[in-house]
>>> print(open('model.tsv').read())   # TSV, C-alpha atoms
chain	number	residue	atom	x	y	z
A	727	PHE	CA	64.99	146.79	76.51
A	728	GLY	CA	68.25	147.60	78.22
A	729	ALA	CA	71.74	147.39	76.77
A	730	ALA	CA	75.08	146.12	78.02
A	731	SER	CA	76.74	148.90	76.03
A	732	GLU	CA	76.80	152.49	77.28
A	733	GLU	CA	77.12	153.82	73.74
A	734	PHE	CA	74.19	151.75	72.46
A	735	SER	CA	72.07	152.85	75.41
A	736	GLN	CA	72.86	156.50	74.67
A	737	ARG	CA	72.11	156.19	70.97
A	738	ASN	CA	69.09	153.90	71.29
A	739	ILE	CA	67.20	155.39	74.26
A	740	ASN	CA	69.18	158.60	74.87
A	741	CYS	CA	70.39	157.80	78.37
A	742	SER	CA	73.10	155.90	80.25
A	743	ILE	CA	72.66	152.38	81.55
A	744	ASP	CA	72.20	153.76	85.08
A	745	GLU	CA	69.58	156.24	83.88
A	746	SER	CA	67.80	153.50	81.92
A	747	MET	CA	67.65	151.30	85.00
A	748	GLU	CA	65.98	154.13	86.93
A	749	ARG	CA	63.46	154.63	84.14
A	750	PHE	CA	62.75	150.91	83.88
A	751	ARG	CA	62.42	150.65	87.67
A	752	LYS	CA	59.65	153.27	87.68
A	753	VAL	CA	57.71	151.27	85.10
A	754	THR	CA	58.26	147.86	86.68
A	755	ASN	CA	57.38	149.18	90.15
A	756	ALA	CA	54.14	150.67	88.81
A	757	VAL	CA	53.25	147.40	87.10
A	758	LYS	CA	54.05	145.31	90.20
A	759	GLN	CA	51.99	147.65	92.38
A	760	ALA	CA	48.95	147.67	90.09
A	761	HIS	CA	49.14	144.07	88.89
A	762	PRO	CA	51.42	141.91	91.04
A	763	GLU	CA	50.44	138.81	89.04
A	764	ILE	CA	52.10	140.13	85.89
A	765	LYS	CA	55.50	138.66	85.16
A	766	ILE	CA	58.14	140.99	83.77
A	767	ARG	CA	60.47	139.84	81.01
A	768	GLY	CA	63.62	141.87	80.48
A	769	TYR	CA	65.65	142.19	77.31
A	770	LEU	CA	69.35	142.93	77.32
A	771	SER	CA	70.82	144.05	73.99
A	772	CYS	CA	74.41	144.00	72.75
A	773	VAL	CA	75.55	141.07	74.91
A	774	ILE	CA	78.40	140.19	72.53
A	775	ALA	CA	79.20	143.42	70.70
A	776	CYS	CA	77.88	146.88	69.97
A	777	PRO	CA	77.76	148.55	66.54
A	778	TYR	CA	79.25	151.71	68.09
A	779	GLN	CA	81.44	150.48	70.94
A	780	GLY	CA	82.72	147.15	69.57
A	781	PRO	CA	83.13	144.02	71.72
A	782	ILE	CA	81.40	144.00	75.12
A	783	ASP	CA	83.14	142.53	78.15
A	784	PRO	CA	81.17	139.52	79.45
A	785	LYS	CA	81.56	140.94	82.99
A	786	GLN	CA	79.68	144.05	81.87
A	787	VAL	CA	76.89	141.88	80.47
A	788	ALA	CA	76.74	139.93	83.73
A	789	SER	CA	76.60	143.12	85.78
A	790	VAL	CA	73.69	144.60	83.84
A	791	ALA	CA	71.90	141.23	83.75
A	792	GLU	CA	72.19	140.95	87.52
A	793	ARG	CA	70.83	144.47	87.95
A	794	MET	CA	67.88	143.75	85.67
A	795	MET	CA	66.98	140.57	87.52
A	796	ASP	CA	67.44	142.06	91.01
A	797	GLU	CA	66.45	145.71	90.70
A	798	LEU	CA	63.65	145.25	88.17
A	799	SER	CA	62.43	141.89	89.49
A	800	CYS	CA	62.40	140.36	86.02
A	801	HIS	CA	61.13	136.79	86.03
A	802	GLU	CA	63.01	136.13	82.80
A	803	LEU	CA	65.81	137.86	80.90
A	804	SER	CA	66.48	137.53	77.18
A	805	LEU	CA	70.13	138.03	76.21
A	806	GLY	CA	70.41	139.43	72.70
A	807	ASP	CA	73.27	139.34	70.21
A	808	THR	CA	71.75	142.44	68.65
A	809	ILE	CA	74.05	142.74	65.65
A	810	GLY	CA	74.61	139.02	65.11
A	811	VAL	CA	78.38	138.93	65.35
A	812	GLY	CA	78.66	136.39	68.17
A	813	THR	CA	80.49	133.09	67.88
A	814	PRO	CA	80.00	130.01	70.02
A	815	ALA	CA	83.23	130.77	71.95
A	816	GLN	CA	82.05	134.32	72.71
A	817	THR	CA	78.62	132.99	73.67
A	818	VAL	CA	80.18	130.55	76.15
A	819	LYS	CA	82.24	133.33	77.77
A	820	MET	CA	79.21	135.62	78.04
A	821	LEU	CA	76.89	132.92	79.41
A	822	ASP	CA	79.56	131.74	81.88
A	823	ALA	CA	79.82	135.29	83.23
A	824	VAL	CA	76.05	135.71	83.46
A	825	ARG	CA	75.61	132.32	85.14
A	826	SER	CA	78.33	133.21	87.66
A	827	ALA	CA	76.59	136.50	88.48
A	828	LEU	CA	73.07	135.06	88.71
A	829	GLY	CA	73.96	131.64	90.09
A	830	THR	CA	71.73	129.98	87.47
A	831	THR	CA	70.55	130.08	83.88
A	832	ASP	CA	67.02	128.96	84.73
A	833	ASN	CA	65.37	132.30	83.96
A	834	LEU	CA	67.37	133.13	80.85
A	835	ALA	CA	66.40	133.23	77.20
A	836	VAL	CA	68.66	133.88	74.22
A	837	HIS	CA	68.15	135.93	71.09
A	838	PHE	CA	70.70	135.52	68.30
A	839	HIS	CA	70.63	137.34	64.98
A	840	ASP	CA	72.01	135.33	62.08
A	841	THR	CA	74.02	138.11	60.41
A	842	TYR	CA	77.09	135.90	59.88
A	843	GLY	CA	75.42	132.48	60.00
A	844	GLN	CA	76.31	131.76	63.64
A	845	ALA	CA	72.87	131.94	65.28
A	846	LEU	CA	72.17	128.19	65.25
A	847	ALA	CA	75.65	127.36	66.57
A	848	ASN	CA	75.18	129.91	69.36
A	849	ILE	CA	71.75	128.50	70.20
A	850	LEU	CA	73.22	124.99	70.35
A	851	VAL	CA	75.84	126.18	72.87
A	852	ALA	CA	73.12	127.82	74.99
A	853	LEU	CA	71.06	124.61	74.92
A	854	ASP	CA	73.84	122.04	75.36
A	855	LYS	CA	76.25	123.77	77.73
A	856	PHE	CA	73.87	125.94	79.75
A	857	GLY	CA	70.47	124.25	79.54
A	858	ILE	CA	68.80	127.42	78.24
A	859	GLU	CA	65.61	126.28	76.55
A	860	ILE	CA	63.92	129.59	75.82
A	861	ILE	CA	64.93	130.84	72.39
A	862	ASP	CA	63.52	133.96	70.71
A	863	SER	CA	62.83	133.37	67.04
A	864	SER	CA	61.35	134.91	63.92
A	865	VAL	CA	59.90	133.87	60.60
A	866	ALA	CA	61.34	135.36	57.42
A	867	GLY	CA	63.23	137.92	59.51
A	868	LEU	CA	60.09	139.21	61.22
A	869	GLY	CA	59.80	138.92	64.98
>>> encode(input="model.tsv", output="C-alpha coordinates")
Amino acid sequence: FGAASEEFSQRNINCSIDESMERFRKVTNAVKQAHPEIKIRGYLSCVIACPYQGPIDPKQVASVAERMMDELSCHELSLGDTIGVGTPAQTVKMLDAVRSALGTTDNLAVHFHDTYGQALANILVALDKFGIEIIDSSVAGLG
(Lines of atoms letter the chains of each structure in order from A and count residues from 1; the text may use other names and numbers.)
(Lines give C-alpha, C1' and ligand atoms only; values in the text may rest on other atoms or scores of the structure.)
Protein backbone atom coordinates (compact mmCIF):
# COMPACT_ATOMS: atom_id res chain seq x y z
CA PHE A 1 0.00 0.00 0.00
CA GLY A 2 1.81 3.05 -1.26
CA ALA A 3 0.52 6.61 -1.41
CA ALA A 4 0.66 9.39 -3.97
CA SER A 5 0.85 11.86 -1.08
CA GLU A 6 4.08 12.45 0.84
CA GLU A 7 2.17 13.57 3.91
CA PHE A 8 -0.10 10.51 3.89
CA SER A 9 2.90 8.24 3.44
CA GLN A 10 4.62 9.84 6.42
CA ARG A 11 1.56 9.61 8.65
CA ASN A 12 0.39 6.19 7.49
CA ILE A 13 3.65 4.21 7.27
CA ASN A 14 6.13 6.67 8.81
CA CYS A 15 8.33 7.15 5.76
CA SER A 16 8.57 9.11 2.51
CA ILE A 17 7.36 7.78 -0.82
CA ASP A 18 10.98 7.07 -1.82
CA GLU A 19 11.63 5.21 1.43
CA SER A 20 8.40 3.24 1.02
CA MET A 21 9.41 2.19 -2.48
CA GLU A 22 12.71 0.84 -1.12
CA ARG A 23 10.87 -1.07 1.60
CA PHE A 24 8.34 -2.47 -0.86
CA ARG A 25 11.12 -3.41 -3.28
CA LYS A 26 12.80 -5.57 -0.63
CA VAL A 27 9.55 -7.46 -0.06
CA THR A 28 8.63 -7.85 -3.72
CA ASN A 29 12.16 -8.96 -4.63
CA ALA A 30 12.09 -11.59 -1.88
CA VAL A 31 8.71 -12.85 -3.07
CA LYS A 32 9.79 -12.97 -6.73
CA GLN A 33 12.97 -14.82 -5.79
CA ALA A 34 11.24 -17.41 -3.60
CA HIS A 35 8.03 -17.77 -5.62
CA PRO A 36 8.33 -16.32 -9.13
CA GLU A 37 4.83 -17.59 -9.99
CA ILE A 38 3.20 -15.25 -7.48
CA LYS A 39 1.68 -12.13 -9.00
CA ILE A 40 2.05 -8.90 -7.06
CA ARG A 41 -0.85 -6.45 -6.83
CA GLY A 42 -0.01 -2.92 -5.77
CA TYR A 43 -2.28 -0.41 -4.10
CA LEU A 44 -1.85 3.32 -4.49
CA SER A 45 -3.73 5.47 -1.98
CA CYS A 46 -4.76 9.12 -2.17
CA VAL A 47 -4.94 9.31 -5.97
CA ILE A 48 -7.37 12.25 -5.89
CA ALA A 49 -6.77 13.95 -2.55
CA CYS A 50 -5.14 13.49 0.83
CA PRO A 51 -6.75 14.22 4.21
CA TYR A 52 -3.57 16.07 5.25
CA GLN A 53 -2.15 17.51 2.03
CA GLY A 54 -5.32 18.28 0.05
CA PRO A 55 -5.63 17.72 -3.72
CA ILE A 56 -2.98 15.53 -5.38
CA ASP A 57 -1.57 16.46 -8.77
CA PRO A 58 -2.44 13.74 -11.32
CA LYS A 59 1.20 13.87 -12.52
CA GLN A 60 2.30 12.84 -9.03
CA VAL A 61 -0.13 9.93 -9.09
CA ALA A 62 1.18 8.90 -12.52
CA SER A 63 4.79 9.09 -11.34
CA VAL A 64 4.23 6.86 -8.32
CA ALA A 65 2.06 4.47 -10.34
CA GLU A 66 4.81 4.12 -12.93
CA ARG A 67 7.37 3.44 -10.21
CA MET A 68 5.17 0.79 -8.61
CA MET A 69 4.61 -1.00 -11.90
CA ASP A 70 8.26 -0.78 -13.03
CA GLU A 71 10.32 -0.97 -9.86
CA LEU A 72 8.09 -3.38 -7.95
CA SER A 73 7.01 -5.44 -10.97
CA CYS A 74 3.35 -5.25 -9.99
CA HIS A 75 1.13 -7.20 -12.35
CA GLU A 76 -1.81 -5.02 -11.34
CA LEU A 77 -2.23 -1.68 -9.59
CA SER A 78 -5.33 -0.52 -7.73
CA LEU A 79 -5.80 3.26 -7.68
CA GLY A 80 -7.64 4.35 -4.56
CA ASP A 81 -9.66 7.47 -3.82
CA THR A 82 -8.90 6.86 -0.16
CA ILE A 83 -11.06 9.60 1.32
CA GLY A 84 -13.84 9.48 -1.28
CA VAL A 85 -13.74 13.07 -2.45
CA GLY A 86 -13.15 12.40 -6.14
CA THR A 87 -15.47 13.56 -8.90
CA PRO A 88 -15.74 12.14 -12.40
CA ALA A 89 -13.80 15.12 -13.82
CA GLN A 90 -10.96 14.58 -11.33
CA THR A 91 -11.02 10.85 -12.05
CA VAL A 92 -10.65 11.49 -15.78
CA LYS A 93 -7.65 13.80 -15.21
CA MET A 94 -5.98 11.28 -12.90
CA LEU A 95 -6.59 8.29 -15.17
CA ASP A 96 -5.44 10.26 -18.24
CA ALA A 97 -2.16 11.02 -16.47
CA VAL A 98 -1.68 7.42 -15.34
CA ARG A 99 -2.51 6.06 -18.80
CA SER A 100 -0.02 8.48 -20.37
CA ALA A 101 2.71 7.34 -17.96
CA LEU A 102 2.01 3.61 -18.30
CA GLY A 103 0.92 3.57 -21.92
CA THR A 104 -2.14 1.48 -21.01
CA THR A 105 -4.86 0.90 -18.44
CA ASP A 106 -4.87 -2.88 -18.92
CA ASN A 107 -3.35 -3.68 -15.52
CA LEU A 108 -5.26 -1.10 -13.50
CA ALA A 109 -8.02 -1.47 -10.95
CA VAL A 110 -9.94 1.30 -9.21
CA HIS A 111 -11.08 1.70 -5.63
CA PHE A 112 -13.53 4.51 -4.87
CA HIS A 113 -14.96 5.31 -1.46
CA ASP A 114 -18.49 6.68 -1.54
CA THR A 115 -18.05 9.44 1.06
CA TYR A 116 -19.88 12.04 -1.05
CA GLY A 117 -21.93 9.73 -3.26
CA GLN A 118 -19.57 9.89 -6.26
CA ALA A 119 -18.15 6.35 -6.26
CA LEU A 120 -20.53 4.92 -8.88
CA ALA A 121 -20.06 7.92 -11.18
CA ASN A 122 -16.28 7.55 -10.86
CA ILE A 123 -16.48 3.82 -11.57
CA LEU A 124 -18.59 4.52 -14.66
CA VAL A 125 -15.91 6.91 -15.96
CA ALA A 126 -13.21 4.29 -15.35
CA LEU A 127 -15.27 1.66 -17.19
CA ASP A 128 -16.57 3.76 -20.09
CA LYS A 129 -13.66 6.08 -20.85
CA PHE A 130 -10.70 3.91 -19.85
CA GLY A 131 -11.89 0.31 -20.14
CA ILE A 132 -10.89 -0.47 -16.55
CA GLU A 133 -12.90 -3.53 -15.56
CA ILE A 134 -11.36 -4.39 -12.21
CA ILE A 135 -13.25 -2.64 -9.42
CA ASP A 136 -12.58 -3.12 -5.71
CA SER A 137 -15.79 -3.35 -3.73
CA SER A 138 -17.23 -4.00 -0.30
CA VAL A 139 -20.45 -5.11 1.32
CA ALA A 140 -21.99 -2.93 4.01
CA GLY A 141 -18.78 -0.90 4.19
CA LEU A 142 -16.60 -3.95 4.90
CA GLY A 143 -13.87 -4.85 2.46
>>> atom_distance(input="model.tsv", atom1="CA of Tyr842 (chain A)", atom2="CA of Gln786 (chain A)")
23.6 Å
>>> axis_aligned_box(input="model.tsv", around="region 777-795 of chain A", padding_each_side="5 Å", output="JSON")
{"center_x": 75.1, "center_y": 145.6, "center_z": 77.2, "size_x": 26.2, "size_y": 22.2, "size_z": 31.4}
>>> residues_around(input="model.tsv", residues="Gly857 (chain A)", least_positions_apart="4", cutoff="10 Å", atoms="only C-alpha atoms", output="JSON, numbers by chain")
{"A": [830, 831, 832, 834, 850, 851, 852, 853]}
>>> residues_around(input="model.tsv", residues="Ser804 (chain A)", least_positions_apart="5", cutoff="9 Å", atoms="all atoms listed in the file", output="list in words")
Arg767, Gly768, Tyr769, Leu770, Ser771, Asn833, Leu834, Ala835, Val836, His837, Ile860, Ile861 and Asp862 of chain A
>>> closest_residue(input="model.tsv", among="A:Phe734, A:Phe838, A:Phe856, A:Tyr778", to="Arg825 (chain A)", atoms="all atoms listed in the file")
A:Phe856
>>> residues_around(input="model.tsv", residues="Cys741 (chain A)", least_positions_apart="6", cutoff="12 Å", atoms="all atoms listed in the file", output="ChimeraX atom specification")
/A:728-729,731-735,747-750
>>> atom_distance(input="model.tsv", atom1="CA of Lys785 (chain A)", atom2="CA of Ala823 (chain A)")
5.9 Å
>>> closest_residue(input="model.tsv", among="A:Gln779, A:Asn738, A:Thr841, A:Ser864", to="Gly810 (chain A)", atoms="all atoms listed in the file")
A:Thr841
